[in-house]
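*Asks:* Questions regarding the structure given below will be posed in turn.
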Amino acid sequence: MSLSEFDLIRRCFSHCGNGRSDVLLGVGDDAALLQPPPDMLLAVTQDTLVAGVHFPADPDPEALGHKSLAVNLSDLAAMGATPAWVTLGLTLPQPDLRWLDKFSVGLCALAVRHGVHLVGGDTTRGPLAISVTAVGFVPPGAGLRRGGARAGDLVCLTGTLGDAGLALRAPSQDQSADDRDYLRGRLQRPSPRVDAGMRLRPLASAAIDVSDGLAADLGHILDASGVGAVVELARIPCSEPVRRYLSRTGDWSLPLSSGDDYELCFTLPRERLSALDRLRAETDCGVTVIGSITEDPGLRLLDPDARTYRLEYPGYDHFGGTP
Ligand SMILES: [Mg+2]
C-alpha cells in the first residue's frame with residue numbers, strides 16, 4: 001500500500017484504547033515499547049478471522065471490529081488474565097476509509113471497555129482477514145489452565161449457549177423481531193467474560209472459553225486433565241429463543257456443538273460451591289452448574305429423562321465413555 005494509505009489506517013487506530021501508562025511508545029514507530037508490571041506473567045494469544053470462513057464476505061464493519069477483539073479477550077478470560085495490550089494485523093482488498101472508521105469504532109469501543117490499548121499492527125493488501133494478538137497479565141501460579149480438573153469437581157458455565165448458532169439458522173415463526181436482534185447481537189458482538197475469568201483465578205481448577213461448542217471445548221479440558229464428565233442437558237443455560245427451539249426440535253446439538261458462544265466453561269472443586277453465589281452477584285453474566293467431573297474418561301450427556309444422549313458430531317472423538 002502507498003504511504004497515504006498507511007496514513008489513513010494510522011488515523012483510524014492511533015488513539016484506540018484507554019491511554020495506559022504502561023504503553024511507553026504505541027502506534028507509529030517500528031515497534032511498541034511496553035512496561036509489564038513487575039512479577040506478572042504475560043498471557044499472549046492470537047486469533048485470525050477470515051472473510052467467508054469466520055464471517056460473511058460482506059460483514060458489518062463495526063460488528064467485525066468488535067468481534068475481532070472479543071474473540072481474543074475471550075481467550076485471555078479463559079486464562080484468568082487481565083487484558084492490557086493488543087496488536088492488529090489487517091489484510092484489506094483496498095483501503096476504504098469509511099469501512100475502516102466503522103471497524104475501528106467497534107474495535108476501539110470494546111478496547112476502552114476492557115482497559116485495553118492498541119499498541120501496533122500491520123496492514124497488507126489481499127482478501128479481507130483480521131488477526132489480533134492480545135496480551136494480558138496473570139500472577140505467577142494463578143493462571144487458569146485446561147489441565148486442572150479433578151474427579152468430583154463441578155462443571156460450570158457462564159451465560160447461555162446456542163444463541164450464536166441459532167442466529168445462523170433460518171428464523172422460525174416463534175421468533176419475534178426482538179429475539180432475532182438478540183440472537184444476531186450474540187453472534188456478531190459477543191461479550192468476552194473477562195471479569196468472570198479474573199474472578200475465577202482463585203476458584204476454578206480448569207477453564208476454557210466455548211468457541212467451538214461445549215462438547216468440543218469441555219472435551220479439551222477432559223483430555224488435558226485426564227478425566228471424564230457427566231453433563232445434564234436440562235441444566236445447560238439457554239435463552240428463551242433457544243429453549244423454544246429445543247422444545248420444538250429436541251435438537252441438543254445446537255447448545256452442545258454450535259460454536260461462537262464465547263462463554264467460559266470451568267470446573268470448580270465442590271467445596272468452593274458457595275463461592276458461585278458471590279461470583280453471580282459480582283458479575284452480570286450468570287453462572288450455572290451443569291454437571292460434574294468423573295474418573296471415567298469421556299463425556300456422558302444425560303437427556304432430561306436421565307437417558308444417555310448421543311451427539312452426532314463428526315470430527316469430535318471425546319465420547320469414549322461407557323454410557
Ligand atoms: Mg479459546
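Going through the C-alpha cells in order, the chains are called A, B, and so on, while each chain numbers its residues from 1 and the ligands are numbered from 1 in the order shown.
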Throw together the list of residues within 7 Å of ligand 1, counting only C-alpha atoms and all ligand atoms, and drop it here as a ChimeraX atom specification.
*Replies:* /A:74-75,78,208-211
*Asks:* May I have the residues within 12 Å of A:Leu246 as a PDB file with N, CA, C and O atoms, in the first residue's frame, using only C-alpha atoms and disregarding those fewer than 3 positions away in the same chain?
*Replies:*
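Resulting contents of part-v4.pdb:
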```pdb
ATOM      1  N   LEU A 161     -25.843 -20.811  26.143  1.00  0.00           N
ATOM      2  CA  LEU A 161     -25.262 -21.435  24.947  1.00  0.00           C
ATOM      3  C   LEU A 161     -26.300 -21.552  23.833  1.00  0.00           C
ATOM      4  O   LEU A 161     -27.493 -21.706  24.101  1.00  0.00           O
ATOM      5  N   GLY A 162     -25.826 -21.518  22.611  1.00  0.00           N
ATOM      6  CA  GLY A 162     -26.679 -21.792  21.450  1.00  0.00           C
ATOM      7  C   GLY A 162     -27.216 -20.566  20.739  1.00  0.00           C
ATOM      8  O   GLY A 162     -27.781 -20.685  19.649  1.00  0.00           O
ATOM      9  N   ASP A 163     -27.045 -19.383  21.343  1.00  0.00           N
ATOM     10  CA  ASP A 163     -27.619 -18.181  20.721  1.00  0.00           C
ATOM     11  C   ASP A 163     -26.972 -17.874  19.362  1.00  0.00           C
ATOM     12  O   ASP A 163     -27.663 -17.613  18.378  1.00  0.00           O
ATOM     13  N   LEU A 166     -28.060 -20.349  16.789  1.00  0.00           N
ATOM     14  CA  LEU A 166     -29.445 -20.168  16.339  1.00  0.00           C
ATOM     15  C   LEU A 166     -29.555 -18.959  15.398  1.00  0.00           C
ATOM     16  O   LEU A 166     -30.365 -18.969  14.470  1.00  0.00           O
ATOM     17  N   LEU A 233     -28.229 -32.301  30.236  1.00  0.00           N
ATOM     18  CA  LEU A 233     -28.632 -31.342  29.197  1.00  0.00           C
ATOM     19  C   LEU A 233     -29.633 -30.322  29.740  1.00  0.00           C
ATOM     20  O   LEU A 233     -29.571 -29.146  29.388  1.00  0.00           O
ATOM     21  N   ALA A 234     -30.546 -30.771  30.597  1.00  0.00           N
ATOM     22  CA  ALA A 234     -31.592 -29.858  31.083  1.00  0.00           C
ATOM     23  C   ALA A 234     -31.010 -28.710  31.907  1.00  0.00           C
ATOM     24  O   ALA A 234     -31.674 -27.703  32.114  1.00  0.00           O
ATOM     25  N   ILE A 236     -28.175 -27.105  31.093  1.00  0.00           N
ATOM     26  CA  ILE A 236     -27.408 -26.172  30.257  1.00  0.00           C
ATOM     27  C   ILE A 236     -28.198 -24.867  30.130  1.00  0.00           C
ATOM     28  O   ILE A 236     -29.364 -24.882  29.726  1.00  0.00           O
ATOM     29  N   PRO A 237     -27.581 -23.743  30.494  1.00  0.00           N
ATOM     30  CA  PRO A 237     -28.305 -22.472  30.445  1.00  0.00           C
ATOM     31  C   PRO A 237     -28.555 -22.017  29.002  1.00  0.00           C
ATOM     32  O   PRO A 237     -27.631 -21.961  28.194  1.00  0.00           O
ATOM     33  N   CYS A 238     -29.818 -21.739  28.692  1.00  0.00           N
ATOM     34  CA  CYS A 238     -30.184 -21.313  27.332  1.00  0.00           C
ATOM     35  C   CYS A 238     -31.163 -20.147  27.418  1.00  0.00           C
ATOM     36  O   CYS A 238     -31.961 -20.065  28.352  1.00  0.00           O
ATOM     37  N   SER A 239     -31.094 -19.270  26.424  1.00  0.00           N
ATOM     38  CA  SER A 239     -32.034 -18.152  26.345  1.00  0.00           C
ATOM     39  C   SER A 239     -33.420 -18.670  25.945  1.00  0.00           C
ATOM     40  O   SER A 239     -33.570 -19.813  25.501  1.00  0.00           O
ATOM     41  N   GLU A 240     -34.423 -17.824  26.069  1.00  0.00           N
ATOM     42  CA  GLU A 240     -35.795 -18.210  25.692  1.00  0.00           C
ATOM     43  C   GLU A 240     -35.894 -18.674  24.237  1.00  0.00           C
ATOM     44  O   GLU A 240     -36.509 -19.708  23.957  1.00  0.00           O
ATOM     45  N   PRO A 241     -35.313 -17.927  23.256  1.00  0.00           N
ATOM     46  CA  PRO A 241     -35.421 -18.411  21.868  1.00  0.00           C
ATOM     47  C   PRO A 241     -34.798 -19.803  21.685  1.00  0.00           C
ATOM     48  O   PRO A 241     -35.334 -20.642  20.942  1.00  0.00           O
ATOM     49  N   VAL A 242     -33.680 -20.057  22.368  1.00  0.00           N
ATOM     50  CA  VAL A 242     -33.044 -21.383  22.234  1.00  0.00           C
ATOM     51  C   VAL A 242     -33.903 -22.439  22.923  1.00  0.00           C
ATOM     52  O   VAL A 242     -34.078 -23.548  22.412  1.00  0.00           O
ATOM     53  N   ARG A 243     -34.482 -22.086  24.077  1.00  0.00           N
ATOM     54  CA  ARG A 243     -35.386 -23.035  24.763  1.00  0.00           C
ATOM     55  C   ARG A 243     -36.559 -23.427  23.864  1.00  0.00           C
ATOM     56  O   ARG A 243     -36.931 -24.598  23.803  1.00  0.00           O
ATOM     57  N   THR A 249     -37.698 -28.894  18.508  1.00  0.00           N
ATOM     58  CA  THR A 249     -36.923 -29.818  17.675  1.00  0.00           C
ATOM     59  C   THR A 249     -36.247 -30.948  18.465  1.00  0.00           C
ATOM     60  O   THR A 249     -35.893 -31.973  17.872  1.00  0.00           O
ATOM     61  N   GLY A 250     -36.004 -30.747  19.767  1.00  0.00           N
ATOM     62  CA  GLY A 250     -35.227 -31.736  20.524  1.00  0.00           C
ATOM     63  C   GLY A 250     -33.781 -31.816  20.061  1.00  0.00           C
ATOM     64  O   GLY A 250     -33.075 -32.772  20.375  1.00  0.00           O
ATOM     65  N   ASP A 251     -33.340 -30.813  19.331  1.00  0.00           N
ATOM     66  CA  ASP A 251     -32.000 -30.826  18.733  1.00  0.00           C
ATOM     67  C   ASP A 251     -30.979 -30.214  19.693  1.00  0.00           C
ATOM     68  O   ASP A 251     -30.661 -29.029  19.607  1.00  0.00           O
ATOM     69  N   TRP A 252     -30.436 -31.050  20.569  1.00  0.00           N
ATOM     70  CA  TRP A 252     -29.472 -30.561  21.563  1.00  0.00           C
ATOM     71  C   TRP A 252     -28.123 -30.228  20.961  1.00  0.00           C
ATOM     72  O   TRP A 252     -27.257 -29.687  21.637  1.00  0.00           O
ATOM     73  N   SER A 253     -27.924 -30.594  19.690  1.00  0.00           N
ATOM     74  CA  SER A 253     -26.636 -30.250  19.081  1.00  0.00           C
ATOM     75  C   SER A 253     -26.458 -28.737  19.018  1.00  0.00           C
ATOM     76  O   SER A 253     -25.330 -28.246  18.945  1.00  0.00           O
ATOM     77  N   LEU A 254     -27.556 -27.984  19.070  1.00  0.00           N
ATOM     78  CA  LEU A 254     -27.419 -26.517  18.998  1.00  0.00           C
ATOM     79  C   LEU A 254     -26.615 -25.986  20.190  1.00  0.00           C
ATOM     80  O   LEU A 254     -25.570 -25.371  19.987  1.00  0.00           O
ATOM     81  N   PRO A 255     -27.049 -26.223  21.439  1.00  0.00           N
ATOM     82  CA  PRO A 255     -26.215 -25.716  22.540  1.00  0.00           C
ATOM     83  C   PRO A 255     -24.937 -26.511  22.764  1.00  0.00           C
ATOM     84  O   PRO A 255     -24.015 -26.011  23.388  1.00  0.00           O
ATOM     85  N   LEU A 256     -24.870 -27.744  22.236  1.00  0.00           N
ATOM     86  CA  LEU A 256     -23.699 -28.585  22.513  1.00  0.00           C
ATOM     87  C   LEU A 256     -22.560 -28.393  21.525  1.00  0.00           C
ATOM     88  O   LEU A 256     -21.395 -28.524  21.886  1.00  0.00           O
ATOM     89  N   ASP A 303     -29.970 -36.838  28.932  1.00  0.00           N
ATOM     90  CA  ASP A 303     -31.110 -36.035  28.482  1.00  0.00           C
ATOM     91  C   ASP A 303     -32.064 -35.787  29.667  1.00  0.00           C
ATOM     92  O   ASP A 303     -31.844 -36.311  30.763  1.00  0.00           O
ATOM     93  N   PRO A 304     -33.112 -34.983  29.475  1.00  0.00           N
ATOM     94  CA  PRO A 304     -33.976 -34.648  30.615  1.00  0.00           C
ATOM     95  C   PRO A 304     -34.623 -35.871  31.270  1.00  0.00           C
ATOM     96  O   PRO A 304     -35.070 -35.787  32.412  1.00  0.00           O
TER      97      PRO A 304
END
```
*Asks:* Please give the complete set of residues from stretch 84-295 of chain A that DSSP, run on the backbone, assigns to helix (DSSP H, G or I), formatted as number ranges by chain.
*Replies:* A: 97-113, 163-167, 177-188, 194-200, 214-225, 233-235, 240-249, 253-257, 270-272, 275-282
*Asks:* Restricting it to C-alpha atoms, dump the selection as a PDB file, in the first residue's frame.
*Replies:*
```pdb
ATOM      1  CA  LEU A  97     -11.749   4.974   4.971  1.00  0.00           C
ATOM      2  CA  ARG A  98     -15.479   4.737   5.790  1.00  0.00           C
ATOM      3  CA  TRP A  99     -15.205   0.978   6.290  1.00  0.00           C
ATOM      4  CA  LEU A 100     -12.052   1.378   8.404  1.00  0.00           C
ATOM      5  CA  ASP A 101     -13.649   4.097  10.506  1.00  0.00           C
ATOM      6  CA  LYS A 102     -16.576   1.846  11.392  1.00  0.00           C
ATOM      7  CA  PHE A 103     -14.310  -1.145  12.020  1.00  0.00           C
ATOM      8  CA  SER A 104     -12.128   0.915  14.347  1.00  0.00           C
ATOM      9  CA  VAL A 105     -15.185   2.245  16.236  1.00  0.00           C
ATOM     10  CA  GLY A 106     -16.289  -1.330  17.001  1.00  0.00           C
ATOM     11  CA  LEU A 107     -12.825  -2.494  17.986  1.00  0.00           C
ATOM     12  CA  CYS A 108     -11.849   0.590  19.976  1.00  0.00           C
ATOM     13  CA  ALA A 109     -15.130   0.791  21.936  1.00  0.00           C
ATOM     14  CA  LEU A 110     -14.569  -2.741  23.237  1.00  0.00           C
ATOM     15  CA  ALA A 111     -10.899  -1.958  23.914  1.00  0.00           C
ATOM     16  CA  VAL A 112     -11.856   1.034  26.068  1.00  0.00           C
ATOM     17  CA  ARG A 113     -14.487  -1.022  27.904  1.00  0.00           C
ATOM     18  CA  ASP A 163     -27.619 -18.181  20.721  1.00  0.00           C
ATOM     19  CA  ALA A 164     -24.946 -17.580  18.069  1.00  0.00           C
ATOM     20  CA  GLY A 165     -25.723 -20.932  16.443  1.00  0.00           C
ATOM     21  CA  LEU A 166     -29.445 -20.168  16.339  1.00  0.00           C
ATOM     22  CA  ALA A 167     -28.727 -16.776  14.740  1.00  0.00           C
ATOM     23  CA  ALA A 177     -38.021  -9.182  15.888  1.00  0.00           C
ATOM     24  CA  ASP A 178     -36.519  -8.638  19.371  1.00  0.00           C
ATOM     25  CA  ASP A 179     -35.495 -12.310  19.517  1.00  0.00           C
ATOM     26  CA  ARG A 180     -33.758 -12.023  16.154  1.00  0.00           C
ATOM     27  CA  ASP A 181     -31.960  -8.819  17.219  1.00  0.00           C
ATOM     28  CA  TYR A 182     -30.850 -10.520  20.414  1.00  0.00           C
ATOM     29  CA  LEU A 183     -29.550 -13.605  18.586  1.00  0.00           C
ATOM     30  CA  ARG A 184     -27.766 -11.530  15.931  1.00  0.00           C
ATOM     31  CA  GLY A 185     -26.166  -9.463  18.699  1.00  0.00           C
ATOM     32  CA  ARG A 186     -24.902 -12.590  20.421  1.00  0.00           C
ATOM     33  CA  LEU A 187     -23.387 -13.812  17.139  1.00  0.00           C
ATOM     34  CA  GLN A 188     -21.885 -10.540  15.957  1.00  0.00           C
ATOM     35  CA  VAL A 194     -13.113 -11.012  31.161  1.00  0.00           C
ATOM     36  CA  ASP A 195     -14.350 -10.047  34.614  1.00  0.00           C
ATOM     37  CA  ALA A 196     -15.609 -13.544  35.398  1.00  0.00           C
ATOM     38  CA  GLY A 197     -12.292 -15.023  34.213  1.00  0.00           C
ATOM     39  CA  MET A 198     -10.267 -12.843  36.572  1.00  0.00           C
ATOM     40  CA  ARG A 199     -12.582 -13.661  39.497  1.00  0.00           C
ATOM     41  CA  LEU A 200     -12.215 -17.375  38.734  1.00  0.00           C
ATOM     42  CA  LEU A 214     -19.450 -27.022  24.610  1.00  0.00           C
ATOM     43  CA  ALA A 215     -18.848 -30.674  23.713  1.00  0.00           C
ATOM     44  CA  ALA A 216     -15.586 -29.959  21.892  1.00  0.00           C
ATOM     45  CA  ASP A 217     -14.267 -27.381  24.343  1.00  0.00           C
ATOM     46  CA  LEU A 218     -15.194 -29.262  27.520  1.00  0.00           C
ATOM     47  CA  GLY A 219     -13.585 -32.222  25.745  1.00  0.00           C
ATOM     48  CA  HIS A 220     -10.296 -30.267  25.679  1.00  0.00           C
ATOM     49  CA  ILE A 221     -10.485 -29.860  29.475  1.00  0.00           C
ATOM     50  CA  LEU A 222     -11.202 -33.585  29.882  1.00  0.00           C
ATOM     51  CA  ASP A 223      -8.298 -34.553  27.612  1.00  0.00           C
ATOM     52  CA  ALA A 224      -5.841 -32.184  29.266  1.00  0.00           C
ATOM     53  CA  SER A 225      -6.933 -33.239  32.763  1.00  0.00           C
ATOM     54  CA  LEU A 233     -28.632 -31.342  29.197  1.00  0.00           C
ATOM     55  CA  ALA A 234     -31.592 -29.858  31.083  1.00  0.00           C
ATOM     56  CA  ARG A 235     -29.169 -27.826  33.205  1.00  0.00           C
ATOM     57  CA  GLU A 240     -35.795 -18.210  25.692  1.00  0.00           C
ATOM     58  CA  PRO A 241     -35.421 -18.411  21.868  1.00  0.00           C
ATOM     59  CA  VAL A 242     -33.044 -21.383  22.234  1.00  0.00           C
ATOM     60  CA  ARG A 243     -35.386 -23.035  24.763  1.00  0.00           C
ATOM     61  CA  ARG A 244     -38.268 -22.747  22.303  1.00  0.00           C
ATOM     62  CA  TYR A 245     -36.058 -24.186  19.556  1.00  0.00           C
ATOM     63  CA  LEU A 246     -35.145 -27.129  21.816  1.00  0.00           C
ATOM     64  CA  SER A 247     -38.724 -27.883  22.785  1.00  0.00           C
ATOM     65  CA  ARG A 248     -39.757 -27.703  19.101  1.00  0.00           C
ATOM     66  CA  THR A 249     -36.923 -29.818  17.675  1.00  0.00           C
ATOM     67  CA  SER A 253     -26.636 -30.250  19.081  1.00  0.00           C
ATOM     68  CA  LEU A 254     -27.419 -26.517  18.998  1.00  0.00           C
ATOM     69  CA  PRO A 255     -26.215 -25.716  22.540  1.00  0.00           C
ATOM     70  CA  LEU A 256     -23.699 -28.585  22.513  1.00  0.00           C
ATOM     71  CA  SER A 257     -21.794 -28.111  19.292  1.00  0.00           C
ATOM     72  CA  ARG A 270     -17.087 -28.934  45.242  1.00  0.00           C
ATOM     73  CA  GLU A 271     -16.005 -27.310  48.487  1.00  0.00           C
ATOM     74  CA  ARG A 272     -15.985 -23.953  46.683  1.00  0.00           C
ATOM     75  CA  ALA A 275     -18.250 -19.050  46.034  1.00  0.00           C
ATOM     76  CA  LEU A 276     -20.551 -19.291  42.994  1.00  0.00           C
ATOM     77  CA  ASP A 277     -23.174 -17.149  44.723  1.00  0.00           C
ATOM     78  CA  ARG A 278     -20.605 -14.409  45.193  1.00  0.00           C
ATOM     79  CA  LEU A 279     -19.452 -14.790  41.593  1.00  0.00           C
ATOM     80  CA  ARG A 280     -23.062 -14.487  40.402  1.00  0.00           C
ATOM     81  CA  ALA A 281     -23.525 -11.353  42.489  1.00  0.00           C
ATOM     82  CA  GLU A 282     -20.290  -9.791  41.219  1.00  0.00           C
TER      83      GLU A 282
END
```
*Asks:* Measuring between only C-alpha atoms, which one of A:Pro192, A:Pro36, A:Gly52, A:Gly17 shows the shortest distance to A:Asn72?
*Replies:*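 Among the listed residues, the smallest separation from A:Asn72 belongs to A:Pro192.
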*Asks:* Just the number, please: distance in Å from atom CA of A:Leu88 to atom CA of A:Phe55, one decimal.
*Replies:*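 Here the two named atoms are 17.3 Å from each other.
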*Asks:* From the DSSP assignment of the backbone, select every residue of stretch 60-295 of chain A that is strand (DSSP E), and format the answer as a PyMOL selection string.
*Replies:* chain A and resi 82-92+117-125+129-138+154-158+206-210+228-232+263-268+287-294
*Asks:* Take the residues from that selection and write them out as a tab-separated table (two decimals), in the first residue's frame, keeping C-alpha atoms.
*Replies:*
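Output (selection.tsv):
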```
chain	number	residue	atom	x	y	z
A	82	THR	CA	-6.20	-9.13	32.92
A	83	PRO	CA	-6.11	-7.79	29.35
A	84	ALA	CA	-3.69	-4.96	28.58
A	85	TRP	CA	-2.39	-4.60	25.03
A	86	VAL	CA	-3.37	-5.69	21.53
A	87	THR	CA	-1.87	-5.54	18.06
A	88	LEU	CA	-3.88	-5.71	14.85
A	89	GLY	CA	-2.96	-7.32	11.53
A	90	LEU	CA	-5.33	-6.15	8.79
A	91	THR	CA	-5.47	-7.61	5.30
A	92	LEU	CA	-7.76	-5.49	3.12
A	117	HIS	CA	-4.75	-0.30	24.34
A	118	LEU	CA	-3.93	-0.97	20.67
A	119	VAL	CA	-0.16	-0.64	20.51
A	120	GLY	CA	0.67	-1.54	16.90
A	121	GLY	CA	-0.03	-3.67	13.90
A	122	ASP	CA	0.44	-4.23	10.22
A	123	THR	CA	-1.60	-3.80	7.05
A	124	THR	CA	-1.41	-5.67	3.77
A	125	ARG	CA	-3.47	-5.84	0.61
A	129	ALA	CA	-8.72	-11.03	7.08
A	130	ILE	CA	-8.16	-9.73	10.59
A	131	SER	CA	-5.58	-11.04	13.00
A	132	VAL	CA	-5.43	-9.74	16.57
A	133	THR	CA	-2.79	-10.54	19.15
A	134	ALA	CA	-3.79	-9.81	22.74
A	135	VAL	CA	-1.56	-9.65	25.79
A	136	GLY	CA	-2.71	-9.80	29.40
A	137	PHE	CA	-1.22	-10.19	32.87
A	138	VAL	CA	-1.61	-13.04	35.28
A	154	LEU	CA	-18.42	-29.39	39.29
A	155	VAL	CA	-18.69	-28.39	35.61
A	156	CYS	CA	-19.93	-24.80	35.29
A	157	LEU	CA	-20.80	-22.32	32.55
A	158	THR	CA	-21.19	-18.57	32.32
A	206	ALA	CA	-9.63	-25.60	34.94
A	207	ALA	CA	-11.18	-23.29	32.36
A	208	ILE	CA	-11.68	-22.80	28.62
A	209	ASP	CA	-13.76	-20.46	26.50
A	210	VAL	CA	-16.53	-22.02	24.44
A	228	GLY	CA	-14.33	-37.54	32.11
A	229	ALA	CA	-17.59	-35.70	32.82
A	230	VAL	CA	-21.33	-36.15	33.13
A	231	VAL	CA	-23.40	-33.21	31.87
A	232	GLU	CA	-27.17	-32.94	32.31
A	263	GLU	CA	-18.82	-18.22	27.35
A	264	LEU	CA	-16.46	-19.72	29.92
A	265	CYS	CA	-16.68	-23.40	30.81
A	266	PHE	CA	-14.84	-24.11	34.05
A	267	THR	CA	-14.51	-26.75	36.72
A	268	LEU	CA	-14.92	-25.97	40.39
A	287	VAL	CA	-23.16	-18.88	36.28
A	288	THR	CA	-24.71	-22.36	36.12
A	289	VAL	CA	-23.59	-25.80	37.32
A	290	ILE	CA	-24.28	-28.29	34.51
A	291	GLY	CA	-22.56	-31.48	35.66
A	292	SER	CA	-19.54	-33.00	37.32
A	293	ILE	CA	-16.13	-34.44	36.55
A	294	THR	CA	-15.71	-38.23	36.70
```
*Asks:* Atom CA of A:Gly148 and atom CA of A:Ser205 are how many Å apart?
*Replies:*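 Atom CA of A:Ser205 lies 4.9 Å from atom CA of A:Gly148.
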*Asks:* When distances are computed from only C-alpha atoms, which of A:Leu168, A:Leu299, A:Ala43, A:Val27 shows the smallest separation from A:Asp7?
*Replies:*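 Nearest candidate to A:Asp7 out of A:Leu168, A:Leu299, A:Ala43, A:Val27: A:Val27.
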*Asks:* Could you check how far atom CA of A:Glu312 sits from atom CA of A:Gly226, in Å to one decimal?
*Replies:* 22.9 Å
*Asks:* From the set A:Gly143, A:Pro93, A:Val23, A:Pro61, which residue has the shortest atom-to-atom contact distance to A:Val44, counting only C-alpha atoms?
*Replies:* A:Gly143
